[in-house]
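Structure below is work07.pdb: PDB, C-alpha atoms.
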```
ATOM      1  CA  MET G   1      66.340-192.253 -44.862
ATOM      2  CA  LEU G   2      69.330-190.081 -45.675
ATOM      3  CA  ILE G   3      67.103-187.078 -46.383
ATOM      4  CA  LEU G   4      65.303-187.574 -43.073
ATOM      5  CA  ALA G   5      68.617-187.817 -41.208
ATOM      6  CA  VAL G   6      69.939-184.627 -42.803
ATOM      7  CA  ASN G   7      66.677-182.828 -42.007
ATOM      8  CA  LYS G   8      66.885-183.995 -38.392
ATOM      9  CA  GLN G   9      70.448-182.765 -37.970
ATOM     10  CA  LEU G  10      70.064-179.427 -39.739
ATOM     11  CA  ASP G  11      66.474-178.691 -38.616
ATOM     12  CA  LEU G  12      65.542-177.621 -42.132
ATOM     13  CA  GLN G  13      61.814-177.397 -41.374
ATOM     14  CA  SER G  14      62.345-174.689 -38.759
ATOM     15  CA  ALA G  15      64.691-172.777 -41.041
ATOM     16  CA  LEU G  16      62.168-172.939 -43.885
ATOM     17  CA  ALA G  17      59.351-171.742 -41.609
ATOM     18  CA  ALA G  18      61.440-168.855 -40.253
ATOM     19  CA  THR G  19      62.453-167.823 -43.768
ATOM     20  CA  GLY G  20      58.829-167.930 -44.877
ATOM     21  CA  ARG G  21      57.768-165.747 -41.940
ATOM     22  CA  CYS G  22      60.465-163.199 -42.732
ATOM     23  CA  ILE G  23      59.479-163.069 -46.396
ATOM     24  CA  ALA G  24      55.784-162.731 -45.513
ATOM     25  CA  GLN G  25      56.482-159.865 -43.114
ATOM     26  CA  PHE G  26      58.828-158.125 -45.548
ATOM     27  CA  GLN G  27      56.378-158.377 -48.454
ATOM     28  CA  GLY G  28      53.364-157.406 -46.333
ATOM     29  CA  TRP G  29      51.214-160.528 -46.621
ATOM     30  CA  TYR G  30      51.923-161.963 -43.190
ATOM     31  CA  ARG G  31      48.253-161.720 -42.158
ATOM     32  CA  ALA G  32      47.224-163.845 -45.148
ATOM     33  CA  ARG G  33      49.898-166.482 -44.540
ATOM     34  CA  ARG G  34      47.346-169.121 -43.520
ATOM     35  CA  ASP G  35      45.790-169.008 -46.979
ATOM     36  CA  VAL G  36      49.233-169.376 -48.533
ATOM     37  CA  GLN G  37      49.993-172.329 -46.249
ATOM     38  CA  HIS G  38      46.749-174.026 -47.282
ATOM     39  CA  HIS G  39      47.560-173.561 -50.970
ATOM     40  CA  VAL G  40      51.067-174.963 -50.520
ATOM     41  CA  ILE G  41      49.688-178.008 -48.711
ATOM     42  CA  GLU G  42      47.099-178.534 -51.459
ATOM     43  CA  VAL G  43      49.799-178.400 -54.142
ATOM     44  CA  LEU G  44      51.958-180.872 -52.194
ATOM     45  CA  LEU G  45      49.039-183.283 -51.789
ATOM     46  CA  VAL G  46      48.234-183.136 -55.505
ATOM     47  CA  ALA G  47      51.904-183.779 -56.321
ATOM     48  CA  ILE G  48      52.030-186.748 -53.933
ATOM     49  CA  VAL G  49      48.846-188.282 -55.367
ATOM     50  CA  ALA G  50      50.122-187.792 -58.926
ATOM     51  CA  GLY G  51      53.442-189.399 -58.000
ATOM     52  CA  LEU G  52      51.721-192.362 -56.394
ATOM     53  CA  ARG G  53      49.561-192.856 -59.469
ATOM     54  CA  LEU G  54      52.635-192.831 -61.703
ATOM     55  CA  VAL G  55      54.365-195.426 -59.536
ATOM     56  CA  ARG G  56      51.251-197.564 -59.461
ATOM     57  CA  ARG G  57      50.946-197.513 -63.271
ATOM     58  CA  ASN G  58      54.606-198.302 -63.754
ATOM     59  CA  PRO G  59      55.546-200.815 -61.029
ATOM     60  CA  ASN G  60      58.928-201.614 -62.636
ATOM     61  CA  ALA G  61      60.188-198.037 -62.218
TER      62      ALA G  61
END
```

Take the structure in the file and write it out as structure tokens.
Amino acid sequence: MLILAVNKQLDLQSALAATGRCIAQFQGWYRARRDVQHHVIEVLLVAIVAGLRLVRRNPNA
């Protein structure tokens, strides 16, 4: 809950998106940013599933 509250106050998602846009434009891959976004989302989903499996195997953790 604390992380969500800090994110809400500081608007970290918007700052991260703006930084990503600037980097993409500076490095010249702004047109391909959708592919990068899809890959990042895929990696996050795999990490979440792996984390859930670890918690499920080790319920005392």

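The space between CA of Ala17 (chain G) and CA of Gln37 (chain G) spans 10.5 Å.
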
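CA of Ser14 (chain G) to CA of His38 (chain G) spans 17.8 Å [interatomic distance, one decimal].
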
May I have the residues within 12 Å of Val36 (chain G) as a PDB file with C-alpha atoms, keeping the file's coordinate frame, using all atoms listed in the file and disregarding those fewer than 6 positions away in the same chain?
```
ATOM      1  CA  GLY G  20      58.829-167.930 -44.877  1.00  0.00           C
ATOM      2  CA  ARG G  21      57.768-165.747 -41.940  1.00  0.00           C
ATOM      3  CA  ALA G  24      55.784-162.731 -45.513  1.00  0.00           C
ATOM      4  CA  TRP G  29      51.214-160.528 -46.621  1.00  0.00           C
ATOM      5  CA  TYR G  30      51.923-161.963 -43.190  1.00  0.00           C
ATOM      6  CA  GLU G  42      47.099-178.534 -51.459  1.00  0.00           C
ATOM      7  CA  VAL G  43      49.799-178.400 -54.142  1.00  0.00           C
TER       8      VAL G  43
END
```

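Taking CA of Met1 (chain G) and CA of Val55 (chain G) as endpoints, the distance between them is 19.2 Å.
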
Could you add the missing atoms to region 14-48 of chain G, up to N, CA and C atoms, and return them as a PDB file, in the frame of the given file?
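Generated output (result_22.pdb):
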```pdb
ATOM      1  N   SER G  14      62.398-175.932 -39.524  1.00  0.00           N
ATOM      2  CA  SER G  14      62.345-174.689 -38.759  1.00  0.00           C
ATOM      3  C   SER G  14      62.966-173.541 -39.536  1.00  0.00           C
ATOM      4  N   ALA G  15      64.048-173.817 -40.231  1.00  0.00           N
ATOM      5  CA  ALA G  15      64.691-172.777 -41.041  1.00  0.00           C
ATOM      6  C   ALA G  15      63.769-172.334 -42.174  1.00  0.00           C
ATOM      7  N   LEU G  16      63.089-173.271 -42.811  1.00  0.00           N
ATOM      8  CA  LEU G  16      62.168-172.939 -43.885  1.00  0.00           C
ATOM      9  C   LEU G  16      60.998-172.115 -43.360  1.00  0.00           C
ATOM     10  N   ALA G  17      60.462-172.493 -42.198  1.00  0.00           N
ATOM     11  CA  ALA G  17      59.351-171.742 -41.609  1.00  0.00           C
ATOM     12  C   ALA G  17      59.785-170.329 -41.226  1.00  0.00           C
ATOM     13  N   ALA G  18      60.945-170.183 -40.639  1.00  0.00           N
ATOM     14  CA  ALA G  18      61.440-168.855 -40.253  1.00  0.00           C
ATOM     15  C   ALA G  18      61.682-167.987 -41.481  1.00  0.00           C
ATOM     16  N   THR G  19      62.230-168.570 -42.527  1.00  0.00           N
ATOM     17  CA  THR G  19      62.453-167.823 -43.768  1.00  0.00           C
ATOM     18  C   THR G  19      61.124-167.388 -44.372  1.00  0.00           C
ATOM     19  N   GLY G  20      60.161-168.271 -44.360  1.00  0.00           N
ATOM     20  CA  GLY G  20      58.829-167.930 -44.877  1.00  0.00           C
ATOM     21  C   GLY G  20      58.181-166.801 -44.097  1.00  0.00           C
ATOM     22  N   ARG G  21      58.312-166.827 -42.772  1.00  0.00           N
ATOM     23  CA  ARG G  21      57.768-165.747 -41.940  1.00  0.00           C
ATOM     24  C   ARG G  21      58.428-164.419 -42.262  1.00  0.00           C
ATOM     25  N   CYS G  22      59.736-164.435 -42.408  1.00  0.00           N
ATOM     26  CA  CYS G  22      60.465-163.199 -42.732  1.00  0.00           C
ATOM     27  C   CYS G  22      60.028-162.642 -44.082  1.00  0.00           C
ATOM     28  N   ILE G  23      59.905-163.510 -45.066  1.00  0.00           N
ATOM     29  CA  ILE G  23      59.479-163.069 -46.396  1.00  0.00           C
ATOM     30  C   ILE G  23      58.060-162.505 -46.332  1.00  0.00           C
ATOM     31  N   ALA G  24      57.169-163.187 -45.617  1.00  0.00           N
ATOM     32  CA  ALA G  24      55.784-162.731 -45.513  1.00  0.00           C
ATOM     33  C   ALA G  24      55.705-161.363 -44.833  1.00  0.00           C
ATOM     34  N   GLN G  25      56.484-161.160 -43.793  1.00  0.00           N
ATOM     35  CA  GLN G  25      56.482-159.865 -43.114  1.00  0.00           C
ATOM     36  C   GLN G  25      57.081-158.789 -44.010  1.00  0.00           C
ATOM     37  N   PHE G  26      58.156-159.090 -44.688  1.00  0.00           N
ATOM     38  CA  PHE G  26      58.828-158.125 -45.548  1.00  0.00           C
ATOM     39  C   PHE G  26      57.944-157.708 -46.717  1.00  0.00           C
ATOM     40  N   GLN G  27      57.215-158.665 -47.294  1.00  0.00           N
ATOM     41  CA  GLN G  27      56.378-158.377 -48.454  1.00  0.00           C
ATOM     42  C   GLN G  27      54.972-157.914 -48.071  1.00  0.00           C
ATOM     43  N   GLY G  28      54.629-157.954 -46.796  1.00  0.00           N
ATOM     44  CA  GLY G  28      53.364-157.406 -46.333  1.00  0.00           C
ATOM     45  C   GLY G  28      52.160-158.329 -46.412  1.00  0.00           C
ATOM     46  N   TRP G  29      52.348-159.615 -46.579  1.00  0.00           N
ATOM     47  CA  TRP G  29      51.214-160.528 -46.621  1.00  0.00           C
ATOM     48  C   TRP G  29      51.212-161.513 -45.443  1.00  0.00           C
ATOM     49  N   TYR G  30      51.819-161.084 -44.364  1.00  0.00           N
ATOM     50  CA  TYR G  30      51.923-161.963 -43.190  1.00  0.00           C
ATOM     51  C   TYR G  30      50.540-162.340 -42.639  1.00  0.00           C
ATOM     52  N   ARG G  31      49.596-161.419 -42.683  1.00  0.00           N
ATOM     53  CA  ARG G  31      48.253-161.720 -42.158  1.00  0.00           C
ATOM     54  C   ARG G  31      47.534-162.776 -42.995  1.00  0.00           C
ATOM     55  N   ALA G  32      47.875-162.879 -44.249  1.00  0.00           N
ATOM     56  CA  ALA G  32      47.224-163.845 -45.148  1.00  0.00           C
ATOM     57  C   ALA G  32      48.034-165.128 -45.278  1.00  0.00           C
ATOM     58  N   ARG G  33      48.999-165.332 -44.403  1.00  0.00           N
ATOM     59  CA  ARG G  33      49.898-166.482 -44.540  1.00  0.00           C
ATOM     60  C   ARG G  33      49.172-167.815 -44.414  1.00  0.00           C
ATOM     61  N   ARG G  34      48.087-167.858 -43.670  1.00  0.00           N
ATOM     62  CA  ARG G  34      47.346-169.121 -43.520  1.00  0.00           C
ATOM     63  C   ARG G  34      46.793-169.587 -44.868  1.00  0.00           C
ATOM     64  N   ASP G  35      46.288-168.654 -45.647  1.00  0.00           N
ATOM     65  CA  ASP G  35      45.790-169.008 -46.979  1.00  0.00           C
ATOM     66  C   ASP G  35      46.920-169.547 -47.845  1.00  0.00           C
ATOM     67  N   VAL G  36      48.075-168.919 -47.763  1.00  0.00           N
ATOM     68  CA  VAL G  36      49.233-169.376 -48.533  1.00  0.00           C
ATOM     69  C   VAL G  36      49.639-170.774 -48.073  1.00  0.00           C
ATOM     70  N   GLN G  37      49.637-171.012 -46.778  1.00  0.00           N
ATOM     71  CA  GLN G  37      49.993-172.329 -46.249  1.00  0.00           C
ATOM     72  C   GLN G  37      49.028-173.396 -46.762  1.00  0.00           C
ATOM     73  N   HIS G  38      47.742-173.071 -46.786  1.00  0.00           N
ATOM     74  CA  HIS G  38      46.749-174.026 -47.282  1.00  0.00           C
ATOM     75  C   HIS G  38      46.990-174.343 -48.760  1.00  0.00           C
ATOM     76  N   HIS G  39      47.301-173.331 -49.551  1.00  0.00           N
ATOM     77  CA  HIS G  39      47.560-173.561 -50.970  1.00  0.00           C
ATOM     78  C   HIS G  39      48.813-174.406 -51.182  1.00  0.00           C
ATOM     79  N   VAL G  40      49.842-174.170 -50.404  1.00  0.00           N
ATOM     80  CA  VAL G  40      51.067-174.963 -50.520  1.00  0.00           C
ATOM     81  C   VAL G  40      50.791-176.421 -50.165  1.00  0.00           C
ATOM     82  N   ILE G  41      50.025-176.639 -49.118  1.00  0.00           N
ATOM     83  CA  ILE G  41      49.688-178.008 -48.711  1.00  0.00           C
ATOM     84  C   ILE G  41      48.852-178.695 -49.786  1.00  0.00           C
ATOM     85  N   GLU G  42      47.904-177.962 -50.384  1.00  0.00           N
ATOM     86  CA  GLU G  42      47.099-178.534 -51.459  1.00  0.00           C
ATOM     87  C   GLU G  42      47.971-178.943 -52.650  1.00  0.00           C
ATOM     88  N   VAL G  43      48.909-178.088 -53.029  1.00  0.00           N
ATOM     89  CA  VAL G  43      49.799-178.400 -54.142  1.00  0.00           C
ATOM     90  C   VAL G  43      50.650-179.627 -53.824  1.00  0.00           C
ATOM     91  N   LEU G  44      51.160-179.710 -52.596  1.00  0.00           N
ATOM     92  CA  LEU G  44      51.958-180.872 -52.194  1.00  0.00           C
ATOM     93  C   LEU G  44      51.131-182.157 -52.239  1.00  0.00           C
ATOM     94  N   LEU G  45      49.896-182.098 -51.764  1.00  0.00           N
ATOM     95  CA  LEU G  45      49.039-183.283 -51.789  1.00  0.00           C
ATOM     96  C   LEU G  45      48.745-183.735 -53.215  1.00  0.00           C
ATOM     97  N   VAL G  46      48.481-182.789 -54.107  1.00  0.00           N
ATOM     98  CA  VAL G  46      48.234-183.136 -55.505  1.00  0.00           C
ATOM     99  C   VAL G  46      49.481-183.780 -56.109  1.00  0.00           C
ATOM    100  N   ALA G  47      50.658-183.223 -55.803  1.00  0.00           N
ATOM    101  CA  ALA G  47      51.904-183.779 -56.321  1.00  0.00           C
ATOM    102  C   ALA G  47      52.140-185.192 -55.787  1.00  0.00           C
ATOM    103  N   ILE G  48      51.845-185.419 -54.524  1.00  0.00           N
ATOM    104  CA  ILE G  48      52.030-186.748 -53.933  1.00  0.00           C
ATOM    105  C   ILE G  48      51.085-187.757 -54.583  1.00  0.00           C
TER     106      ILE G  48
END
```
